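**Student:** Just so it is clear, I am handing over protein.txt, which has compact mmCIF, C-alpha atoms and all ligand atoms.
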# COMPACT_ATOMS: atom_id res chain seq x y z
CA MET A 1 4.86 -9.71 21.99
CA LEU A 2 5.18 -8.52 18.40
CA PHE A 3 3.05 -5.45 19.03
CA ASP A 4 4.67 -4.25 22.28
CA LYS A 5 6.85 -1.75 20.49
CA PHE A 6 3.75 0.06 19.21
CA GLN A 7 2.25 0.62 22.66
CA SER A 8 3.54 4.18 22.98
CA MET A 9 1.87 5.04 19.66
CA VAL A 10 -1.36 3.32 20.75
CA ASP A 11 -1.29 5.43 23.96
CA PHE A 12 -0.52 8.66 22.09
CA ARG A 13 -3.40 8.08 19.68
CA ALA A 14 -5.75 7.40 22.57
CA GLU A 15 -4.64 10.65 24.24
CA LEU A 16 -5.28 12.60 21.04
CA ALA A 17 -8.69 11.01 20.55
CA GLU A 18 -9.66 11.89 24.14
CA ARG A 19 -8.78 15.52 23.52
CA GLY A 20 -10.49 15.53 20.12
CA VAL A 21 -7.27 16.62 18.38
CA LYS A 22 -6.42 15.06 15.02
CA PRO A 23 -3.12 16.51 13.88
CA PHE A 24 -1.98 13.44 11.93
CA GLY A 25 -4.08 12.47 8.98
CA ALA A 26 -6.62 15.29 9.32
CA VAL A 27 -8.84 14.88 6.28
CA THR A 28 -9.05 17.49 3.55
CA GLU A 29 -12.63 17.31 2.31
CA GLU A 30 -12.50 20.02 -0.34
CA ILE A 31 -9.86 22.04 -2.14
CA TYR A 32 -11.06 25.49 -3.21
CA SER A 33 -7.73 26.81 -4.48
CA ALA A 34 -4.00 26.26 -3.91
CA THR A 35 -4.34 28.02 -0.55
CA GLU A 36 -7.88 27.28 0.68
CA GLY A 37 -9.85 24.17 1.45
CA ARG A 38 -12.07 22.43 3.96
CA VAL A 39 -10.30 20.32 6.54
CA GLU A 40 -12.19 18.28 9.15
CA GLY A 41 -15.35 20.28 8.51
CA ARG A 42 -13.70 23.74 8.67
CA ASP A 43 -12.88 26.21 5.92
CA VAL A 44 -9.19 26.98 6.33
CA ILE A 45 -6.17 28.69 4.84
CA LEU A 46 -3.76 25.93 3.83
CA ALA A 47 -0.67 27.06 5.70
CA GLY A 48 1.19 23.78 6.00
CA THR A 49 1.60 22.47 2.46
CA ASN A 50 4.72 22.12 0.35
CA ASN A 51 2.88 23.78 -2.53
CA TYR A 52 5.55 26.47 -2.70
CA LEU A 53 4.57 27.87 -6.08
CA GLY A 54 0.87 27.03 -5.89
CA LEU A 55 1.08 24.85 -9.02
CA SER A 56 -0.99 21.92 -7.69
CA TYR A 57 -4.07 23.84 -8.75
CA ASP A 58 -2.79 25.60 -11.85
CA PRO A 59 -5.32 25.25 -14.72
CA ARG A 60 -2.53 24.60 -17.23
CA CYS A 61 -1.14 21.70 -15.17
CA ILE A 62 -4.64 20.29 -14.65
CA ALA A 63 -5.33 20.47 -18.41
CA ALA A 64 -2.03 18.74 -19.23
CA SER A 65 -2.87 16.01 -16.77
CA GLN A 66 -6.38 15.51 -18.18
CA ALA A 67 -5.11 15.32 -21.75
CA ALA A 68 -2.49 12.74 -20.79
CA ALA A 69 -5.05 10.59 -18.97
CA GLN A 70 -7.20 10.63 -22.12
CA ARG A 71 -4.28 9.66 -24.28
CA TRP A 72 -2.40 7.18 -22.08
CA GLY A 73 -4.97 5.92 -19.58
CA THR A 74 -4.83 6.00 -15.80
CA GLY A 75 -1.63 4.07 -15.11
CA THR A 76 1.29 2.24 -16.68
CA THR A 77 0.74 -0.98 -14.71
CA GLY A 78 4.44 -1.73 -14.68
CA SER A 79 8.02 -0.81 -13.91
CA ARG A 80 10.23 1.38 -16.04
CA VAL A 81 12.39 -1.64 -16.84
CA ALA A 82 9.44 -3.74 -17.97
CA ASN A 83 6.34 -2.30 -19.67
CA GLY A 84 6.23 1.06 -17.84
CA SER A 85 8.60 3.35 -19.79
CA PHE A 86 6.37 5.63 -21.83
CA SER A 87 7.65 8.42 -24.04
CA GLU A 88 6.29 10.88 -21.44
CA HIS A 89 8.75 9.54 -18.83
CA GLN A 90 11.62 9.93 -21.24
CA ALA A 91 10.49 13.41 -22.20
CA LEU A 92 10.40 14.45 -18.53
CA GLU A 93 13.89 13.04 -18.03
CA ALA A 94 15.08 15.15 -20.96
CA ASP A 95 13.28 18.22 -19.54
CA ILE A 96 14.82 17.77 -16.09
CA ALA A 97 18.33 17.20 -17.48
CA ASP A 98 17.93 20.32 -19.61
CA PHE A 99 16.66 22.34 -16.63
CA TYR A 100 19.79 21.36 -14.67
CA GLY A 101 22.13 21.74 -17.65
CA VAL A 102 23.45 18.17 -17.31
CA ASP A 103 23.20 15.14 -19.56
CA HIS A 104 21.73 12.51 -17.29
CA ALA A 105 18.46 12.22 -15.38
CA ILE A 106 16.34 9.47 -13.85
CA VAL A 107 12.68 9.93 -13.01
CA PHE A 108 11.31 7.93 -10.06
CA SER A 109 7.75 7.28 -8.88
CA THR A 110 8.20 9.29 -5.66
CA GLY A 111 10.75 11.63 -4.13
CA TYR A 112 11.24 9.09 -1.36
CA ALA A 113 12.15 6.43 -3.94
CA ALA A 114 14.56 8.83 -5.66
CA THR A 115 16.45 9.74 -2.50
CA SER A 116 16.37 6.41 -0.74
CA GLY A 117 17.06 4.51 -3.96
CA MET A 118 20.06 6.63 -4.90
CA CYS A 119 21.50 6.58 -1.36
CA ALA A 120 21.06 2.81 -1.11
CA THR A 121 22.79 2.19 -4.41
CA LEU A 122 25.58 4.74 -4.88
CA ALA A 123 27.60 3.44 -1.93
CA GLY A 124 27.93 -0.17 -0.88
CA PRO A 125 29.85 -2.38 1.53
CA GLY A 126 33.40 -1.04 1.90
CA ASP A 127 32.38 2.52 1.00
CA VAL A 128 31.87 5.45 3.37
CA ILE A 129 28.89 7.79 3.55
CA LEU A 130 29.04 11.09 5.43
CA LEU A 131 25.62 12.57 6.05
CA ASP A 132 24.17 15.54 7.87
CA GLY A 133 22.72 14.37 11.19
CA ASP A 134 19.34 16.02 10.50
CA SER A 135 18.86 14.23 7.18
CA HIS A 136 15.38 13.27 5.99
CA ALA A 137 14.01 9.78 6.73
CA SER A 138 14.34 8.80 3.05
CA ILE A 139 18.09 9.46 3.22
CA TYR A 140 18.45 7.43 6.42
CA ALA A 141 16.40 4.60 4.91
CA GLY A 142 18.67 4.53 1.87
CA VAL A 143 22.03 4.70 3.62
CA ARG A 144 21.01 1.93 6.03
CA LEU A 145 20.19 -0.32 3.09
CA SER A 146 23.46 0.52 1.33
CA GLY A 147 25.70 -1.54 3.63
CA ALA A 148 28.26 1.27 3.58
CA GLU A 149 29.94 2.66 6.70
CA ILE A 150 27.80 5.58 7.88
CA ILE A 151 29.29 8.66 9.52
CA ARG A 152 27.01 11.49 10.66
CA PHE A 153 28.31 15.01 10.91
CA LYS A 154 26.71 17.81 12.93
CA HIS A 155 23.79 19.51 11.23
CA ASN A 156 24.90 22.26 8.83
CA ASN A 157 28.41 22.15 10.30
CA PRO A 158 31.04 22.10 7.53
CA ASP A 159 33.90 22.14 10.07
CA ASP A 160 32.66 18.88 11.52
CA LEU A 161 32.36 17.46 7.98
CA ALA A 162 35.93 18.57 7.17
CA LYS A 163 37.24 17.03 10.39
CA ARG A 164 35.65 13.70 9.58
CA LEU A 165 36.82 13.77 5.96
CA ARG A 166 40.37 14.52 7.14
CA ARG A 167 40.26 11.51 9.46
CA LEU A 168 39.32 9.26 6.54
CA GLY A 169 42.66 9.95 4.82
CA GLU A 170 42.79 8.38 1.38
CA ARG A 171 39.32 6.90 1.76
CA ALA A 172 37.84 10.42 1.59
CA ALA A 173 38.37 10.48 -2.18
CA ASP A 174 35.58 7.94 -2.67
CA ALA A 175 33.29 9.00 0.16
CA LEU A 176 29.69 9.99 -0.56
CA ILE A 177 28.71 13.26 1.15
CA ILE A 178 24.93 13.72 1.52
CA VAL A 179 23.19 16.98 2.39
CA GLU A 180 19.90 18.73 1.69
CA GLY A 181 19.36 22.18 0.19
CA ILE A 182 16.66 23.55 2.50
CA TYR A 183 15.94 21.43 5.57
CA SER A 184 12.24 20.79 5.84
CA MET A 185 11.72 21.21 9.57
CA LEU A 186 13.26 24.62 10.36
CA GLY A 187 13.63 25.85 6.79
CA ASP A 188 17.37 26.41 7.25
CA VAL A 189 19.67 26.31 4.20
CA ALA A 190 22.82 24.16 3.98
CA PRO A 191 26.10 26.14 3.93
CA LEU A 192 26.94 24.67 0.55
CA GLN A 193 29.93 26.90 -0.25
CA GLU A 194 31.77 25.61 2.81
CA ILE A 195 30.59 22.04 2.22
CA ALA A 196 31.81 22.19 -1.40
CA ALA A 197 35.13 23.63 -0.18
CA ALA A 198 35.55 20.65 2.17
CA LYS A 199 34.88 18.31 -0.72
CA ARG A 200 37.44 20.13 -2.88
CA GLU A 201 40.05 19.90 -0.12
CA PHE A 202 39.59 16.27 0.91
CA GLY A 203 37.75 14.62 -1.98
CA GLY A 204 34.46 12.76 -2.16
CA TYR A 205 31.23 12.89 -4.16
CA LEU A 206 28.57 15.42 -3.24
CA PHE A 207 24.87 14.49 -3.26
CA VAL A 208 22.34 17.27 -2.62
CA ASP A 209 18.66 16.58 -1.97
CA GLU A 210 16.92 19.72 -3.27
CA ALA A 211 13.40 18.48 -2.38
CA HIS A 212 12.46 21.76 -0.65
CA SER A 213 14.73 24.11 -2.58
CA MET A 214 14.04 23.28 -6.22
CA GLY A 215 11.83 26.00 -7.68
CA VAL A 216 12.48 28.01 -4.52
CA LEU A 217 16.18 29.01 -4.56
CA GLY A 218 18.69 29.92 -7.27
CA GLU A 219 18.60 32.28 -10.20
CA THR A 220 16.60 29.89 -12.38
CA GLY A 221 15.12 27.83 -9.54
CA ARG A 222 17.55 24.92 -9.60
CA GLY A 223 17.94 25.10 -5.84
CA ALA A 224 20.43 25.78 -3.07
CA ALA A 225 23.50 24.65 -5.03
CA GLN A 226 22.70 27.17 -7.75
CA ALA A 227 22.07 29.89 -5.15
CA ALA A 228 25.46 29.12 -3.59
CA GLY A 229 27.21 29.10 -6.97
CA ILE A 230 28.69 25.62 -6.42
CA GLU A 231 26.82 23.51 -8.97
CA ASP A 232 30.10 22.40 -10.56
CA ASP A 233 31.00 20.68 -7.27
CA VAL A 234 27.77 18.70 -7.11
CA ASP A 235 27.82 15.12 -8.40
CA PHE A 236 24.16 14.24 -7.85
CA VAL A 237 21.05 16.34 -7.33
CA ALA A 238 17.93 14.55 -6.13
CA GLY A 239 14.53 16.13 -5.81
CA THR A 240 10.82 15.67 -5.85
CA PHE A 241 7.87 16.64 -8.01
CA SER A 242 5.58 16.78 -4.98
CA LYS A 243 6.47 20.22 -3.66
CA SER A 244 7.14 23.23 -5.90
CA LEU A 245 5.96 21.25 -8.96
CA GLY A 246 2.66 20.28 -7.31
CA GLY A 247 2.58 16.64 -8.50
CA ILE A 248 4.21 13.45 -7.30
CA GLY A 249 7.41 11.68 -8.30
CA GLY A 250 11.13 12.25 -7.91
CA PHE A 251 14.33 12.59 -9.85
CA CYS A 252 18.09 12.40 -9.78
CA VAL A 253 20.35 14.29 -12.20
CA SER A 254 24.09 14.05 -12.65
CA PRO A 255 26.86 15.04 -15.01
CA HIS A 256 28.28 11.50 -14.61
CA ALA A 257 27.46 9.20 -17.54
CA GLU A 258 27.52 6.25 -15.12
CA LEU A 259 24.06 7.36 -13.92
CA GLN A 260 22.58 5.56 -16.92
CA ALA A 261 24.02 2.23 -15.75
CA ILE A 262 23.32 2.94 -12.07
CA ARG A 263 19.64 3.29 -13.03
CA PHE A 264 19.47 -0.46 -13.62
CA CYS A 265 20.90 -1.23 -10.16
CA ILE A 266 18.32 0.71 -8.10
CA ASN A 267 15.64 -1.48 -6.57
CA ALA A 268 13.37 1.52 -5.92
CA TYR A 269 13.45 2.14 -9.68
CA ILE A 270 13.29 -1.43 -10.94
CA PHE A 271 10.76 -3.04 -8.64
CA THR A 272 7.97 -0.47 -8.59
CA ALA A 273 5.44 0.78 -11.13
CA SER A 274 6.29 3.96 -13.01
CA SER A 275 4.26 7.15 -12.45
CA ALA A 276 0.95 7.64 -14.20
CA PRO A 277 1.43 9.61 -17.43
CA SER A 278 -1.12 12.18 -16.19
CA VAL A 279 1.21 13.02 -13.31
CA ILE A 280 4.24 13.15 -15.58
CA ALA A 281 2.39 15.50 -17.93
CA SER A 282 1.38 17.95 -15.16
CA THR A 283 4.95 17.86 -13.87
CA ARG A 284 6.34 18.72 -17.31
CA GLU A 285 3.93 21.64 -17.54
CA ALA A 286 4.82 22.80 -14.01
CA LEU A 287 8.52 22.69 -14.90
CA ARG A 288 7.84 24.75 -18.01
CA ILE A 289 5.98 27.29 -15.85
CA ILE A 290 8.73 27.64 -13.24
CA ARG A 291 11.21 28.31 -16.05
CA ALA A 292 8.94 30.83 -17.78
CA GLU A 293 7.65 32.63 -14.69
CA PRO A 294 10.43 33.55 -12.25
CA GLN A 295 8.00 36.05 -10.72
CA LEU A 296 6.40 33.08 -8.90
CA ARG A 297 9.61 32.67 -6.93
CA GLN A 298 9.65 36.36 -6.12
CA ARG A 299 6.07 36.19 -4.83
CA LEU A 300 6.96 33.15 -2.72
CA TRP A 301 9.85 35.02 -1.11
CA ASP A 302 7.78 38.16 -0.53
CA ASN A 303 5.30 35.97 1.36
CA ALA A 304 8.05 34.07 3.18
CA ASN A 305 9.66 37.32 4.36
CA ARG A 306 6.29 38.68 5.46
CA LEU A 307 5.43 35.58 7.52
CA TYR A 308 8.91 35.23 8.99
CA SER A 309 9.15 38.83 10.09
CA GLY A 310 5.54 38.78 11.35
CA LEU A 311 6.06 35.72 13.55
CA ALA A 312 9.54 36.79 14.65
CA GLY A 313 8.04 40.21 15.41
CA LEU A 314 5.59 38.54 17.83
CA GLY A 315 8.65 37.31 19.72
CA LEU A 316 8.09 33.68 18.72
CA ARG A 317 11.05 31.32 18.34
CA VAL A 318 11.45 30.74 14.59
CA GLY A 319 14.25 29.33 12.36
CA PRO A 320 17.55 31.15 11.77
CA SER A 321 16.47 33.10 8.68
CA ALA A 322 13.49 33.82 6.44
CA SER A 323 12.48 30.79 4.40
CA PRO A 324 9.32 29.39 2.78
CA VAL A 325 9.21 27.05 5.78
CA VAL A 326 8.66 29.08 8.94
CA ALA A 327 8.58 26.83 11.98
CA VAL A 328 7.56 28.04 15.40
CA VAL A 329 9.62 26.10 17.93
CA LEU A 330 7.99 25.03 21.20
CA GLU A 331 9.27 22.92 24.03
CA ASP A 332 6.04 21.58 25.40
CA ARG A 333 4.13 18.88 23.55
CA GLU A 334 0.81 19.59 25.31
CA ARG A 335 1.00 23.24 24.38
CA THR A 336 1.89 22.37 20.80
CA LEU A 337 -1.19 20.16 20.49
CA ALA A 338 -3.43 22.84 21.95
CA CYS A 339 -2.00 25.51 19.64
CA TRP A 340 -2.38 23.33 16.57
CA GLN A 341 -6.05 22.72 17.41
CA ALA A 342 -6.70 26.39 18.18
CA LEU A 343 -5.14 27.42 14.86
CA LEU A 344 -7.35 24.94 13.01
CA GLU A 345 -10.40 26.31 14.81
CA ALA A 346 -9.30 29.80 13.80
CA GLY A 347 -9.16 28.68 10.15
CA VAL A 348 -5.40 28.20 9.77
CA TYR A 349 -4.23 24.68 8.97
CA VAL A 350 -0.53 24.13 9.73
CA ASN A 351 1.67 21.06 10.23
CA MET A 352 2.43 19.82 13.70
CA VAL A 353 5.69 18.04 14.36
CA VAL A 354 6.53 16.31 17.61
CA PRO A 355 9.36 13.91 18.49
CA PRO A 356 10.45 11.51 17.13
CA ALA A 357 9.55 12.99 13.71
CA SER A 358 11.43 16.21 14.46
CA PRO A 359 15.20 15.75 14.42
CA SER A 360 15.85 16.95 17.93
CA THR A 361 13.69 17.03 20.98
CA TYR A 362 11.63 20.08 20.10
CA CYS A 363 8.04 20.41 18.90
CA LEU A 364 7.15 22.50 15.90
CA LEU A 365 4.20 24.30 14.41
CA ARG A 366 5.44 24.18 10.84
CA ASN A 367 4.02 26.87 8.60
CA SER A 368 4.79 26.92 4.95
CA VAL A 369 4.24 29.61 2.44
CA SER A 370 3.10 29.53 -1.17
CA ALA A 371 3.46 32.03 -3.99
CA ALA A 372 -0.32 31.67 -4.23
CA HIS A 373 -0.98 33.07 -0.74
CA THR A 374 -2.22 36.64 -0.72
CA PRO A 375 -0.60 39.15 1.65
CA GLU A 376 -3.96 39.22 3.47
CA GLN A 377 -3.82 35.46 4.07
CA ILE A 378 -0.32 35.81 5.50
CA GLU A 379 -1.57 38.58 7.80
CA THR A 380 -4.44 36.31 8.90
CA MET A 381 -1.91 33.61 9.79
CA ILE A 382 0.15 36.08 11.84
CA ALA A 383 -2.99 37.37 13.57
CA ALA A 384 -3.98 33.79 14.47
CA TYR A 385 -0.64 33.40 16.30
CA ALA A 386 -1.11 36.72 18.06
CA ALA A 387 -4.51 35.47 19.23
CA LEU A 388 -2.82 32.38 20.71
CA GLN A 389 -0.59 34.72 22.71
CA ASP A 390 -3.62 36.70 23.90
CA ALA A 391 -5.23 33.42 24.98
CA GLY A 392 -2.09 32.52 26.94
CA LEU A 393 -1.35 29.46 24.78
CA LEU A 394 1.89 30.96 23.45
CA PRO A 395 4.39 33.13 25.31
CA ALA A 396 3.69 36.83 24.92
CA PRO A 397 6.28 39.06 23.20
CA GLY A 398 9.49 39.18 25.24
CA GLN A 399 8.75 35.91 27.03
CA ALA A 400 9.65 33.31 24.37
N1 LIG B 1 13.67 14.32 0.60
C1 LIG B 1 13.32 15.29 1.46
C2 LIG B 1 14.38 16.19 2.02
C3 LIG B 1 11.98 15.48 1.81
O1 LIG B 1 11.64 16.44 2.68
C4 LIG B 1 11.00 14.62 1.25
C5 LIG B 1 9.52 14.77 1.57
N2 LIG B 1 9.18 15.41 2.70
C6 LIG B 1 11.41 13.62 0.38
C7 LIG B 1 12.75 13.50 0.06
C8 LIG B 1 10.42 12.67 -0.21
O2 LIG B 1 9.68 13.27 -1.21
P1 LIG B 1 8.20 12.78 -1.58
O3 LIG B 1 7.31 13.18 -0.44
O4 LIG B 1 7.90 13.55 -2.81
O5 LIG B 1 8.25 11.32 -1.78
Translate this file's structure into structure tokens.
Ligand code: PMP
**Tutor:**
Amino acid sequence: MLFDKFQSMVDFRAELAERGVKPFGAVTEEIYSATEGRVEGRDVILAGTNNYLGLSYDPRCIAASQAAAQRWGTGTTGSRVANGSFSEHQALEADIADFYGVDHAIVFSTGYAATSGMCATLAGPGDVILLDGDSHASIYAGVRLSGAEIIRFKHNNPDDLAKRLRRLGERAADALIIVEGIYSMLGDVAPLQEIAAAKREFGGYLFVDEAHSMGVLGETGRGAAQAAGIEDDVDFVAGTFSKSLGGIGGFCVSPHAELQAIRFCINAYIFTASSAPSVIASTREALRIIRAEPQLRQRLWDNANRLYSGLAGLGLRVGPSASPVVAVVLEDRERTLACWQALLEAGVYVNMVVPPASPSTYCLLRNSVSAAHTPEQIETMIAAYAALQDAGLLPAPGQA
């Protein structure tokens, strides 16, 4: 029957309902600030957002958005290639290109459309794509549509990438290599110096999805490639407006002039309505703020270091190094559900990740940090985890 393949999801939802746990699609009923709101009837610290710089609630971004809605209306009602290219979209493309110091930029309606659209279009039948095995779903969606030969290399393993490029021989010169800056599940950073070295040795085009690293890493916030000092080796940077910039939408920038023609070959650009001008306007203001206020990035990292060392100090299994995403790794799904619920009841709202959404077989309590968190809020989050240990829901120090 058509619906048989959904039975495991039907069963899982029934199990969650029976336990009264609602980790997927919990409803936010109020937002009090970038870091506090009411979720499912409880006042909570928002500890599982991607609001890395807290800009979703910045008064300047809100004002820009309101002014644009007054001027342009609520939506464009059409695609960029038809009636939906407003001067705001073009201005944001110019802003993004300028931010990255390159000549070419495309703005998309979502980050998912940017990544999947670029991956589906850059390579085609007869081409080869090499991608990190832990790539985001939007990358997988794109490469599958591309019709290219797909080769996965081991997560964050440049030796495995080099081995596979070597095997391609002359075909390596035209291969598309796809990686992310910061990986969203464990918060680990791609070893971009080694990846760029492999590209220099064997050839290929390098595509970096900086969704979680733009505004977060690099001297001026351009991301992991800037932090690694290898921007000259990068052919395409994709990213999103929905995380550090606090809006919605996505982009791709490139030094290659061909990007302007490629734009008209991307279904996810052509056959979808362009973003509302109000969203474009808040994004432009957010971009201006991240350029003008590098101290936001410093505050984010102070908070990230505090949370990482606090949770690691409790003996919990966390990612390999401090990062704005601090995931607590658990093996047991039941325990993960119980912990997520207990955290919510304690006023700390985090993300829960269970297979198959997590890349491997583990379960995660994914905490993320914002520049807008106060040190006291971070301490409250750490204390909530310590309370889970006291309650026997998490292994006590030394037992993880
Ligand atoms: N790429 C990566 C690596 C992501 O993590 C995400 C979102 N989680 C996206 C693309 C899609 O971005 P958006 O949610 O803004 O559409």
**Student:** Can you list, as an mmCIF file with C-alpha atoms, in the coordinates of the input, every protein, DNA or RNA residue that comes within 9 Å of stretch 271-280 of chain A when you count all atoms listed in the file, leaving out same-chain residues fewer than 4 positions away?
**Tutor:**
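Written file, out18.cif:
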data_model
loop_
_atom_site.group_PDB
_atom_site.id
_atom_site.type_symbol
_atom_site.label_atom_id
_atom_site.label_comp_id
_atom_site.auth_asym_id
_atom_site.auth_seq_id
_atom_site.Cartn_x
_atom_site.Cartn_y
_atom_site.Cartn_z
ATOM 1 C CA ILE A 62 -4.640 20.290 -14.650
ATOM 2 C CA ALA A 64 -2.030 18.740 -19.230
ATOM 3 C CA SER A 65 -2.870 16.010 -16.770
ATOM 4 C CA GLN A 66 -6.380 15.510 -18.180
ATOM 5 C CA ALA A 67 -5.110 15.320 -21.750
ATOM 6 C CA ALA A 68 -2.490 12.740 -20.790
ATOM 7 C CA ALA A 69 -5.050 10.590 -18.970
ATOM 8 C CA GLN A 70 -7.200 10.630 -22.120
ATOM 9 C CA ARG A 71 -4.280 9.660 -24.280
ATOM 10 C CA TRP A 72 -2.400 7.180 -22.080
ATOM 11 C CA GLY A 73 -4.970 5.920 -19.580
ATOM 12 C CA THR A 74 -4.830 6.000 -15.800
ATOM 13 C CA GLY A 75 -1.630 4.070 -15.110
ATOM 14 C CA THR A 76 1.290 2.240 -16.680
ATOM 15 C CA THR A 77 0.740 -0.980 -14.710
ATOM 16 C CA GLY A 78 4.440 -1.730 -14.680
ATOM 17 C CA SER A 79 8.020 -0.810 -13.910
ATOM 18 C CA ARG A 80 10.230 1.380 -16.040
ATOM 19 C CA VAL A 81 12.390 -1.640 -16.840
ATOM 20 C CA GLY A 84 6.230 1.060 -17.840
ATOM 21 C CA SER A 85 8.600 3.350 -19.790
ATOM 22 C CA PHE A 86 6.370 5.630 -21.830
ATOM 23 C CA GLU A 88 6.290 10.880 -21.440
ATOM 24 C CA HIS A 89 8.750 9.540 -18.830
ATOM 25 C CA LEU A 92 10.400 14.450 -18.530
ATOM 26 C CA VAL A 107 12.680 9.930 -13.010
ATOM 27 C CA PHE A 108 11.310 7.930 -10.060
ATOM 28 C CA SER A 109 7.750 7.280 -8.880
ATOM 29 C CA THR A 110 8.200 9.290 -5.660
ATOM 30 C CA GLY A 247 2.580 16.640 -8.500
ATOM 31 C CA ILE A 248 4.210 13.450 -7.300
ATOM 32 C CA GLY A 249 7.410 11.680 -8.300
ATOM 33 C CA ILE A 266 18.320 0.710 -8.100
ATOM 34 C CA ASN A 267 15.640 -1.480 -6.570
ATOM 35 C CA ARG A 284 6.340 18.720 -17.310
ATOM 36 C CA GLU A 285 3.930 21.640 -17.540
#
**Student:** Give me, as number ranges by chain, all polymer residues having an atom no more than 10 Å from A:Gln341, counting all atoms listed in the file and skipping those fewer than 4 positions away in the same chain.
**Tutor:** A: 19-23, 335-337, 345-350, 352
**Student:** Find the residues near stretch 171-174 of chain A: any atom within 6 Å, counting all atoms listed in the file, skip ones fewer than 6 places away on the same chain, and give them as JSON, numbers by chain.
**Tutor:** {"A": [165, 203, 204]}
**Student:** Under the rule that only C-alpha atoms and all ligand atoms are counted, which of A:Glu180, A:Glu93, A:Asp134, A:Asp103 is the nearest residue to ligand LIG 1 (chain B)?
**Tutor:**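 Smallest separation from ligand LIG 1 (chain B) among the options: A:Glu180.
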**Student:** From the options A:Ile195, A:Ala114, A:Ile106, A:Ala141, which residue's atoms come nearest to ligand LIG 1 (chain B), counting only C-alpha atoms and all ligand atoms?
**Tutor:**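 Of all the options, A:Ala114 lies closest to ligand LIG 1 (chain B).
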**Student:** What are the centre and edge lengths in Å, to one decimal, of the axis-aligned box around all listed atoms of ligand LIG 1 (chain B) with 5 Å added on each side, as lines of an AutoDock Vina configuration file?
**Tutor:**
center_x = 10.8
center_y = 13.9
center_z = -0.1
size_x = 17.1
size_y = 15.1
size_z = 15.5
**Student:** To check your reading of the model: which residues sit at most 10 Å from ligand LIG 1 (chain B) when counting only C-alpha atoms and all ligand atoms? Write the answer as number ranges by chain.
**Tutor:** A: 50, 108-116, 134-139, 179-185, 208-213, 238-243, 246-251
**Student:** Please return as a list in words every residue within 10 Å of (28.0, 20.9, -7.2), taking into account only C-alpha atoms and the file's own coordinates.
**Tutor:**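 Collected hits near the coordinates: Leu192, Gln193, Ile195, Ala196, Lys199, Tyr205, Leu206, Phe207, Val208, Ala224, Ala225, Gln226, Ala228, Gly229, Ile230, Glu231, Asp232, Asp233, Val234, Asp235, Phe236, Val237, Ser254 and Pro255 of chain A.
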**Student:** Mind giving me the straight-line distance from atom CA of A:Ile290 to atom CA of A:Leu245 in Å, one decimal?
**Tutor:**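 That distance, rounded to one decimal, is 8.2 Å.
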**Student:** Within 7 Å of (11.4, 21.7, 11.1), only C-alpha atoms: residues as a PyMOL selection string?
**Tutor:** chain A and resi 184-187+327+358+364+366
**Student:** So the first atom is atom CA of A:Ile129 and the second is atom CA of A:Leu176; what is the distance between them in Å, to one decimal place?
**Tutor:**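 One can read the atom CA of A:Ile129 to atom CA of A:Leu176 distance as 4.7 Å.
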**Student:** Show which residues sit within 12 Å of stretch 305-308 of chain A, as JSON, numbers by chain. Count all atoms listed in the file, and ignore same-chain residues fewer than 4 positions away.
**Tutor:** {"A": [47, 186, 187, 298, 299, 300, 301, 312, 313, 314, 315, 316, 317, 318, 319, 320, 321, 322, 323, 324, 325, 326, 327, 328, 366, 367, 368, 369, 370, 371, 373, 374, 375, 376, 377, 378, 379, 380, 381, 382, 383, 384, 385]}
**Student:** Mind giving me the straight-line distance from atom CA of A:Cys119 to atom CA of A:Thr283 in Å, one decimal?
**Tutor:**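 Atom CA of A:Thr283 lies 23.6 Å from atom CA of A:Cys119.
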**Student:** Can you work out which one of A:Leu161, A:Leu344, A:Pro355, A:Val143 has the shortest atom-to-atom distance to A:Ala26, counting only C-alpha atoms?
**Tutor:**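 Ranked by minimum distance to A:Ala26, first place goes to A:Leu344.
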**Student:** Tell me which protein, DNA and RNA residues are within 8 Å of stretch 155-160 of chain A, counting only C-alpha atoms, leaving out same-chain ones fewer than 5 positions away, and put them as a PyMOL selection string.
**Tutor:** chain A and resi 132-134+190-191+194-195+198
**Student:** Which one is closest to A:Leu217: A:Arg152, A:His256, A:Arg297, A:Arg164? Count all atoms listed in the file.
**Tutor:**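 Once distances to A:Leu217 are computed over all atoms listed in the file, the minimum belongs to A:Arg297.
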**Student:** When you count all atoms listed in the file, which of these residues is closest to A:Gln260: A:Lys5, A:Arg288, A:Arg13, A:His104?
**Tutor:**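 That would be A:His104, the residue with the smallest distance to A:Gln260.
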**Student:** Looking at all atoms listed in the file, which of A:Ala227, A:Leu259, A:Ile289, A:Leu53 is the one that sits closest to A:Ala34?
**Tutor:**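 Residue with the minimum atom-to-atom distance to A:Ala34: A:Leu53.
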